[in-house]
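What's in query39.cif: mmCIF, C-alpha atoms
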```
data_input
#
loop_
_atom_site.label_atom_id
_atom_site.label_comp_id
_atom_site.auth_asym_id
_atom_site.auth_seq_id
_atom_site.Cartn_x
_atom_site.Cartn_y
_atom_site.Cartn_z
CA MET V 1 25.09 -5.54 -15.36
CA ASP V 2 22.88 -8.46 -16.37
CA LEU V 3 21.46 -9.88 -13.14
CA GLY V 4 20.45 -13.12 -14.86
CA ILE V 5 16.82 -12.93 -13.76
CA ALA V 6 15.05 -11.68 -16.91
CA GLY V 7 11.84 -13.65 -17.36
CA LYS V 8 11.55 -14.52 -13.67
CA ARG V 9 8.45 -13.54 -11.70
CA ALA V 10 8.49 -11.56 -8.46
CA LEU V 11 5.94 -10.74 -5.77
CA VAL V 12 6.80 -7.36 -4.25
CA CYS V 13 4.74 -6.36 -1.23
CA ALA V 14 3.84 -2.77 -0.30
CA SER V 15 5.17 -1.64 -3.66
CA SER V 16 3.04 1.30 -4.78
CA LYS V 17 5.55 3.78 -3.33
CA GLY V 18 8.63 4.13 -1.17
CA LEU V 19 11.15 1.34 -0.76
CA GLY V 20 8.85 -1.31 -2.23
CA ARG V 21 8.36 0.81 -5.34
CA GLY V 22 12.13 1.21 -5.64
CA CYS V 23 12.56 -2.56 -5.53
CA ALA V 24 9.80 -3.14 -8.08
CA ASP V 25 11.33 -0.60 -10.46
CA ALA V 26 14.79 -2.16 -10.26
CA LEU V 27 13.45 -5.68 -10.76
CA ALA V 28 11.37 -4.56 -13.74
CA ALA V 29 14.47 -2.94 -15.23
CA ALA V 30 16.17 -6.34 -14.92
CA GLY V 31 13.37 -7.91 -16.99
CA VAL V 32 11.39 -9.45 -14.12
CA ASP V 33 7.60 -9.73 -14.41
CA LEU V 34 5.86 -8.42 -11.33
CA VAL V 35 2.96 -8.98 -8.99
CA LEU V 36 2.58 -5.76 -7.02
CA ASN V 37 0.66 -5.41 -3.79
CA ALA V 38 -0.48 -2.45 -1.72
CA ARG V 39 -3.62 -1.39 0.09
CA GLY V 40 -4.45 1.61 -2.11
CA ALA V 41 -5.72 0.47 -5.50
CA GLU V 42 -5.35 3.82 -7.27
CA ALA V 43 -1.70 4.42 -6.40
CA LEU V 44 -0.92 0.76 -7.04
CA GLU V 45 -2.37 0.79 -10.55
CA ALA V 46 -0.62 4.06 -11.37
CA THR V 47 2.72 2.53 -10.35
CA ALA V 48 2.02 -0.61 -12.36
CA GLU V 49 1.24 1.35 -15.50
CA GLU V 50 4.43 3.39 -15.16
CA LEU V 51 6.50 0.21 -14.83
CA ARG V 52 4.79 -1.44 -17.80
CA ARG V 53 5.56 1.56 -19.99
CA ALA V 54 9.11 2.02 -18.75
CA HIS V 55 10.26 -1.59 -18.85
CA GLY V 56 7.84 -3.60 -21.00
CA VAL V 57 7.27 -6.27 -18.36
CA THR V 58 4.02 -7.88 -17.26
CA VAL V 59 2.68 -6.30 -14.08
CA THR V 60 -0.26 -7.70 -12.09
CA THR V 61 -1.74 -5.68 -9.24
CA VAL V 62 -3.45 -6.90 -6.09
CA ALA V 63 -4.95 -4.28 -3.79
CA ALA V 64 -5.04 -5.95 -0.39
CA ASP V 65 -3.73 -5.70 3.15
CA ILE V 66 -0.81 -8.14 3.20
CA THR V 67 -0.86 -8.18 7.01
CA SER V 68 -4.29 -9.87 7.08
CA GLU V 69 -5.05 -13.52 6.30
CA GLU V 70 -7.65 -12.47 3.73
CA GLY V 71 -5.23 -10.09 2.05
CA ARG V 72 -2.47 -12.70 1.87
CA ALA V 73 -4.85 -15.26 0.39
CA LYS V 74 -5.83 -12.79 -2.32
CA VAL V 75 -2.21 -11.95 -3.11
CA LEU V 76 -1.07 -15.58 -3.15
CA GLU V 77 -3.88 -16.55 -5.50
CA ALA V 78 -2.77 -13.89 -7.98
CA ALA V 79 0.96 -14.49 -7.54
CA LYS V 80 0.69 -18.24 -8.18
CA SER V 81 4.26 -19.43 -7.72
CA PRO V 82 6.77 -16.57 -8.05
CA ASP V 83 10.53 -17.10 -8.29
CA ILE V 84 11.22 -14.04 -6.12
CA LEU V 85 9.54 -12.73 -2.98
CA VAL V 86 10.22 -9.27 -1.59
CA ASN V 87 8.58 -9.00 1.82
CA ASN V 88 7.74 -5.47 2.88
CA ALA V 89 5.20 -3.77 5.12
CA GLY V 90 4.95 -0.38 6.74
CA GLY V 91 6.33 -0.13 10.25
CA PRO V 92 4.20 0.42 13.35
CA PRO V 93 3.88 3.96 14.70
CA PRO V 94 6.59 5.45 16.90
CA GLY V 95 5.92 6.10 20.54
CA PHE V 96 7.14 5.82 24.12
CA TRP V 97 7.48 2.57 26.09
CA PRO V 98 4.67 3.18 28.65
CA ASP V 99 2.19 3.72 25.80
CA TRP V 100 2.54 0.25 24.27
CA ASP V 101 0.19 -2.50 25.42
CA ARG V 102 -0.06 -6.15 24.45
CA GLU V 103 -2.37 -5.45 21.52
CA ASP V 104 0.12 -2.96 20.08
CA PHE V 105 2.81 -5.63 20.09
CA ILE V 106 0.48 -8.24 18.60
CA LYS V 107 -0.37 -5.84 15.76
CA ALA V 108 3.33 -5.12 15.13
CA LEU V 109 4.19 -8.83 15.16
CA ASP V 110 1.36 -9.61 12.74
CA ALA V 111 2.55 -7.00 10.25
CA ASN V 112 6.32 -7.17 10.50
CA MET V 113 7.08 -10.72 11.60
CA LEU V 114 4.19 -13.15 11.13
CA ALA V 115 3.00 -11.86 7.73
CA PRO V 116 6.38 -12.28 6.00
CA ILE V 117 6.82 -15.68 7.67
CA ALA V 118 3.39 -16.75 6.35
CA LEU V 119 4.32 -15.71 2.81
CA MET V 120 7.63 -17.55 2.98
CA LYS V 121 5.90 -20.67 4.29
CA ALA V 122 3.44 -20.52 1.40
CA LEU V 123 5.98 -19.88 -1.38
CA LEU V 124 9.17 -21.68 -0.35
CA PRO V 125 7.98 -25.23 -1.21
CA ALA V 126 7.57 -24.43 -4.93
CA MET V 127 10.92 -22.63 -4.98
CA ILE V 128 12.51 -25.72 -3.44
CA ASP V 129 10.86 -27.94 -6.07
CA ARG V 130 12.30 -25.71 -8.84
CA GLU V 131 15.66 -25.62 -7.05
CA TRP V 132 15.80 -21.84 -7.39
CA GLY V 133 14.30 -18.96 -5.45
CA ARG V 134 15.11 -15.64 -3.87
CA VAL V 135 13.57 -13.98 -0.82
CA VAL V 136 14.48 -10.51 0.38
CA ASN V 137 12.89 -9.33 3.61
CA ILE V 138 12.93 -5.56 4.03
CA THR V 139 13.43 -5.06 7.74
CA SER V 140 15.18 -2.05 9.29
CA ALA V 141 18.53 -0.71 10.42
CA SER V 142 16.96 -0.75 13.89
CA VAL V 143 17.60 -4.51 13.96
CA LYS V 144 21.28 -3.64 14.44
CA SER V 145 20.88 -0.28 16.16
CA PRO V 146 17.53 0.03 17.95
CA VAL V 147 15.67 3.34 17.75
CA ALA V 148 14.06 4.15 21.09
CA GLN V 149 10.79 5.51 19.73
CA LEU V 150 10.44 2.54 17.34
CA GLY V 151 10.23 -0.13 20.05
CA LEU V 152 7.36 -1.95 18.35
CA SER V 153 9.30 -2.17 15.10
CA ASN V 154 12.55 -3.09 16.87
CA SER V 155 10.84 -6.06 18.53
CA ALA V 156 8.93 -7.45 15.54
CA ARG V 157 11.76 -7.11 13.04
CA ALA V 158 14.26 -8.66 15.42
CA GLY V 159 11.93 -11.67 15.68
CA LEU V 160 11.80 -12.01 11.89
CA THR V 161 15.59 -11.78 11.75
CA GLY V 162 15.91 -14.71 14.14
CA TYR V 163 13.49 -16.78 12.09
CA VAL V 164 15.34 -16.07 8.85
CA ALA V 165 18.71 -16.97 10.38
CA GLY V 166 17.62 -20.57 10.78
CA THR V 167 15.26 -20.96 7.83
CA ALA V 168 17.72 -19.52 5.29
CA ARG V 169 20.20 -22.27 6.11
CA GLN V 170 17.57 -25.00 5.85
CA VAL V 171 16.50 -24.05 2.32
CA ALA V 172 19.90 -23.03 0.93
CA PRO V 173 20.83 -26.58 -0.17
CA HIS V 174 17.84 -26.42 -2.54
CA GLY V 175 19.00 -23.28 -4.36
CA VAL V 176 16.68 -21.00 -2.40
CA ILE V 177 18.40 -17.94 -0.96
CA ILE V 178 16.91 -15.79 1.81
CA ASN V 179 18.48 -12.56 3.06
CA ASN V 180 17.35 -9.39 4.82
CA LEU V 181 17.83 -5.84 3.60
CA LEU V 182 18.08 -3.29 6.41
CA PRO V 183 17.28 0.28 5.35
CA GLY V 184 18.46 3.28 7.26
CA LEU V 185 16.70 6.53 6.46
CA HIS V 186 15.56 6.92 2.86
CA GLN V 187 13.40 9.42 1.01
CA THR V 188 10.04 7.98 2.04
CA ASP V 189 6.89 9.13 3.81
CA ARG V 190 8.18 7.42 6.95
CA ALA V 191 11.32 9.59 6.98
CA THR V 192 9.20 12.71 6.55
CA SER V 193 6.98 11.66 9.45
CA LEU V 194 9.95 11.07 11.75
CA VAL V 195 11.37 14.52 10.93
CA GLU V 196 8.04 16.14 11.77
CA ILE V 197 7.86 14.27 15.08
CA THR V 198 11.42 15.30 15.95
CA ALA V 199 10.78 18.94 15.05
CA GLU V 200 7.68 19.07 17.24
CA ARG V 201 9.39 17.34 20.16
CA GLU V 202 12.47 19.58 20.04
CA GLY V 203 10.65 22.80 19.13
CA ILE V 204 12.61 23.38 15.93
CA SER V 205 11.72 23.72 12.26
CA THR V 206 11.42 20.65 10.06
CA ASP V 207 14.28 21.99 7.93
CA GLN V 208 16.51 22.17 11.00
CA ALA V 209 15.43 18.71 12.12
CA ALA V 210 16.24 17.30 8.68
CA SER V 211 19.62 19.05 8.66
CA ASN V 212 20.47 17.67 12.11
CA ARG V 213 19.48 14.20 10.96
CA ASN V 214 21.63 14.42 7.83
CA ASP V 215 24.62 15.65 9.83
CA ALA V 216 24.52 12.41 11.82
CA ILE V 217 24.92 10.31 8.65
CA PRO V 218 28.50 10.01 7.33
CA VAL V 219 27.44 10.56 3.70
CA GLY V 220 25.55 13.69 4.79
CA ARG V 221 22.17 12.71 3.36
CA ILE V 222 19.47 10.07 3.47
CA GLY V 223 19.28 7.37 0.84
CA THR V 224 17.25 7.25 -2.35
CA THR V 225 14.70 4.62 -3.25
CA GLU V 226 16.66 4.01 -6.47
CA GLU V 227 19.76 3.03 -4.48
CA PHE V 228 17.70 0.80 -2.27
CA GLY V 229 15.92 -0.86 -5.19
CA ALA V 230 19.17 -1.59 -7.01
CA THR V 231 20.56 -3.30 -3.91
CA CYS V 232 17.39 -5.38 -3.58
CA ALA V 233 17.54 -6.41 -7.24
CA PHE V 234 21.13 -7.59 -6.84
CA MET V 235 20.06 -9.63 -3.81
CA CYS V 236 17.51 -11.34 -6.09
CA SER V 237 20.09 -12.07 -8.79
CA VAL V 238 21.97 -15.19 -9.84
CA TYR V 239 25.08 -13.84 -8.11
CA VAL V 240 23.98 -14.30 -4.49
CA GLY V 241 23.95 -18.07 -4.34
CA TYR V 242 26.66 -17.97 -1.68
CA MET V 243 25.03 -15.22 0.41
CA VAL V 244 22.81 -16.97 2.94
CA GLY V 245 20.86 -15.52 5.86
CA GLN V 246 22.67 -12.18 5.84
CA ASN V 247 21.52 -8.78 7.08
CA ILE V 248 22.61 -6.20 4.54
CA LEU V 249 22.71 -2.73 6.06
CA LEU V 250 22.06 0.24 3.77
CA ASP V 251 22.29 3.32 5.96
CA GLY V 252 25.00 5.64 4.64
CA GLY V 253 27.36 4.58 7.43
CA ALA V 254 25.09 5.68 10.26
CA PHE V 255 25.64 2.46 12.21
CA ASN V 256 29.18 2.76 13.56
CA ALA V 257 30.76 -0.65 14.07
CA THR V 258 33.74 -2.68 12.94
CA LEU V 259 31.58 -5.75 12.19
#
```

Please rewrite the model in this file as structure tokens.
Amino acid sequence: MDLGIAGKRALVCASSKGLGRGCADALAAAGVDLVLNARGAEALEATAEELRRAHGVTVTTVAADITSEEGRAKVLEAAKSPDILVNNAGGPPPGFWPDWDREDFIKALDANMLAPIALMKALLPAMIDREWGRVVNITSASVKSPVAQLGLSNSARAGLTGYVAGTARQVAPHGVIINNLLPGLHQTDRATSLVEITAEREGISTDQAASNRNDAIPVGRIGTTEEFGATCAFMCSVYVGYMVGQNILLDGGAFNATL
């Protein structure tokens, strides 16, 4: 399927591996030139080279911490004025409610709410001027179904969701479309970490913890980064002009609800 975005330019944050990498790969396959960001320069450049070879697109890399003002400035300088923004950042560590202090919440808000808002604020004006733009914010299935040990993430991502709900409708008349993509469990380092924590807490093997986790998902497995990336690429396509401010859940049916 031709997504109609060949020749566009996308900034994809936290894209050297995991869900961000899946999104970058799918966009490159659609003919989109990329600006990739991550903190680790070596892994980032390796990913960029693989995408250049596989898809023949232009890939620029910016090794920086997107959650810091300095990192964002560096990324924005390299990205110039992209047509597509994929906001993504690693989630804060899991824990237990008595362990979280004010500074923990401030750090989570900076990374998972305020950083994506800052990038949107910087890039939306040029998209509005061109009368075309796409923003996909990678949040979490926990926005719909909170995970107790991910209270920091639940809070920050819920705040971003509220911001997007209003902003998406303000920019939609100008051809700029903002939506959120909510991943359930996928084959990432984060999923591996959560399995290890569960196994230790319950005194079982990691294999058993993973099996128990998969049994709770209707499709019987966790998602792939390829599936996730393809969904993201569609949400950046010419076909979503009537999809505004939505929260697209990709969790294998784990969230059980009629609406």

Given the file shown, determine the residues that the PyMOL selection byres ((chain V and resi 66) around 8) selects; report them as a PyMOL selection string.
chain V and resi 13-14+37-39+64-65+67-69+71-72+75+89+111+115

Using Å and a single decimal, report how far CA of Val12 (chain V) sits from CA of Ser193 (chain V).
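Interatomic distance, CA of Ser193 (chain V) to CA of Val12 (chain V): 23.4 Å.
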
What would the selection look like, as an MDAnalysis selection string, if the PyMOL selection byres ((chain V and resi 11) around 6) were run on the coordinates I just shared?
chainID V and resid 10 12 35 85

For the atom pair CA of Gly166 (chain V) and CA of Asn256 (chain V), what is the interatomic distance in Å to one decimal place?
26.2 Å

Would you kindly translate the PyMOL selection byres ((chain V and resi 149-159) around 7) into the concrete residues it picks from this file, as a ChimeraX atom specification?
/V:91-92,94-96,105,108-109,112-113,139,142-143,146-148,160-163

Would you save the residues of that selection, restricted to C-alpha atoms, as a short mmCIF file (atom, residue, chain, number, x, y, z; two decimals), keeping the file's coordinate frame?
```cif
data_model
loop_
_atom_site.label_atom_id
_atom_site.label_comp_id
_atom_site.auth_asym_id
_atom_site.auth_seq_id
_atom_site.Cartn_x
_atom_site.Cartn_y
_atom_site.Cartn_z
CA GLY V 91 6.33 -0.13 10.25
CA PRO V 92 4.20 0.42 13.35
CA PRO V 94 6.59 5.45 16.90
CA GLY V 95 5.92 6.10 20.54
CA PHE V 96 7.14 5.82 24.12
CA PHE V 105 2.81 -5.63 20.09
CA ALA V 108 3.33 -5.12 15.13
CA LEU V 109 4.19 -8.83 15.16
CA ASN V 112 6.32 -7.17 10.50
CA MET V 113 7.08 -10.72 11.60
CA THR V 139 13.43 -5.06 7.74
CA SER V 142 16.96 -0.75 13.89
CA VAL V 143 17.60 -4.51 13.96
CA PRO V 146 17.53 0.03 17.95
CA VAL V 147 15.67 3.34 17.75
CA ALA V 148 14.06 4.15 21.09
CA LEU V 160 11.80 -12.01 11.89
CA THR V 161 15.59 -11.78 11.75
CA GLY V 162 15.91 -14.71 14.14
CA TYR V 163 13.49 -16.78 12.09
#
```

Complete the atoms of region 93-111 of chain V to N, CA, C and O atoms and put them out as a compact mmCIF listing (two decimals), in the coordinates of the input.
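Full text of selection.txt as output:
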```txt
# COMPACT_ATOMS: atom_id res chain seq x y z
N PRO V 93 3.62 2.56 14.34
CA PRO V 93 3.88 3.96 14.70
C PRO V 93 4.91 4.09 15.81
O PRO V 93 5.04 3.20 16.66
N PRO V 94 5.65 5.20 15.81
CA PRO V 94 6.59 5.45 16.90
C PRO V 94 5.84 5.80 18.18
O PRO V 94 4.64 6.08 18.15
N GLY V 95 6.56 5.77 19.28
CA GLY V 95 5.92 6.10 20.54
C GLY V 95 6.90 6.03 21.69
O GLY V 95 8.12 6.09 21.50
N PHE V 96 6.36 5.83 22.90
CA PHE V 96 7.14 5.82 24.12
C PHE V 96 6.76 4.57 24.90
O PHE V 96 5.58 4.19 24.93
N TRP V 97 7.71 3.90 25.53
CA TRP V 97 7.48 2.57 26.09
C TRP V 97 6.24 2.43 26.98
O TRP V 97 5.56 1.39 26.93
N PRO V 98 5.86 3.41 27.82
CA PRO V 98 4.67 3.18 28.65
C PRO V 98 3.37 3.14 27.85
O PRO V 98 2.34 2.69 28.36
N ASP V 99 3.41 3.62 26.61
CA ASP V 99 2.19 3.72 25.80
C ASP V 99 1.84 2.41 25.10
O ASP V 99 0.73 2.27 24.59
N TRP V 100 2.76 1.47 25.04
CA TRP V 100 2.54 0.25 24.27
C TRP V 100 1.98 -0.86 25.13
O TRP V 100 2.56 -1.25 26.14
N ASP V 101 0.83 -1.39 24.73
CA ASP V 101 0.19 -2.50 25.42
C ASP V 101 0.32 -3.78 24.59
O ASP V 101 0.84 -3.76 23.47
N ARG V 102 -0.18 -4.85 25.12
CA ARG V 102 -0.06 -6.15 24.45
C ARG V 102 -0.61 -6.11 23.03
O ARG V 102 0.01 -6.64 22.09
N GLU V 103 -1.76 -5.48 22.85
CA GLU V 103 -2.37 -5.45 21.52
C GLU V 103 -1.50 -4.69 20.52
O GLU V 103 -1.49 -5.02 19.32
N ASP V 104 -0.78 -3.68 20.98
CA ASP V 104 0.12 -2.96 20.08
C ASP V 104 1.23 -3.88 19.58
O ASP V 104 1.60 -3.85 18.40
N PHE V 105 1.76 -4.70 20.49
CA PHE V 105 2.81 -5.63 20.09
C PHE V 105 2.28 -6.72 19.17
O PHE V 105 2.95 -7.11 18.20
N ILE V 106 1.08 -7.22 19.46
CA ILE V 106 0.48 -8.24 18.60
C ILE V 106 0.29 -7.70 17.18
O ILE V 106 0.60 -8.37 16.18
N LYS V 107 -0.17 -6.46 17.07
CA LYS V 107 -0.37 -5.84 15.76
C LYS V 107 0.95 -5.69 15.02
O LYS V 107 1.05 -5.94 13.82
N ALA V 108 2.00 -5.28 15.74
CA ALA V 108 3.33 -5.12 15.13
C ALA V 108 3.88 -6.47 14.68
O ALA V 108 4.45 -6.60 13.58
N LEU V 109 3.72 -7.49 15.52
CA LEU V 109 4.19 -8.83 15.16
C LEU V 109 3.45 -9.37 13.94
O LEU V 109 4.05 -9.98 13.05
N ASP V 110 2.14 -9.16 13.89
CA ASP V 110 1.36 -9.61 12.74
C ASP V 110 1.87 -9.00 11.44
O ASP V 110 2.01 -9.69 10.42
N ALA V 111 2.17 -7.71 11.47
CA ALA V 111 2.55 -7.00 10.25
C ALA V 111 4.00 -7.24 9.86
O ALA V 111 4.31 -7.45 8.67
```
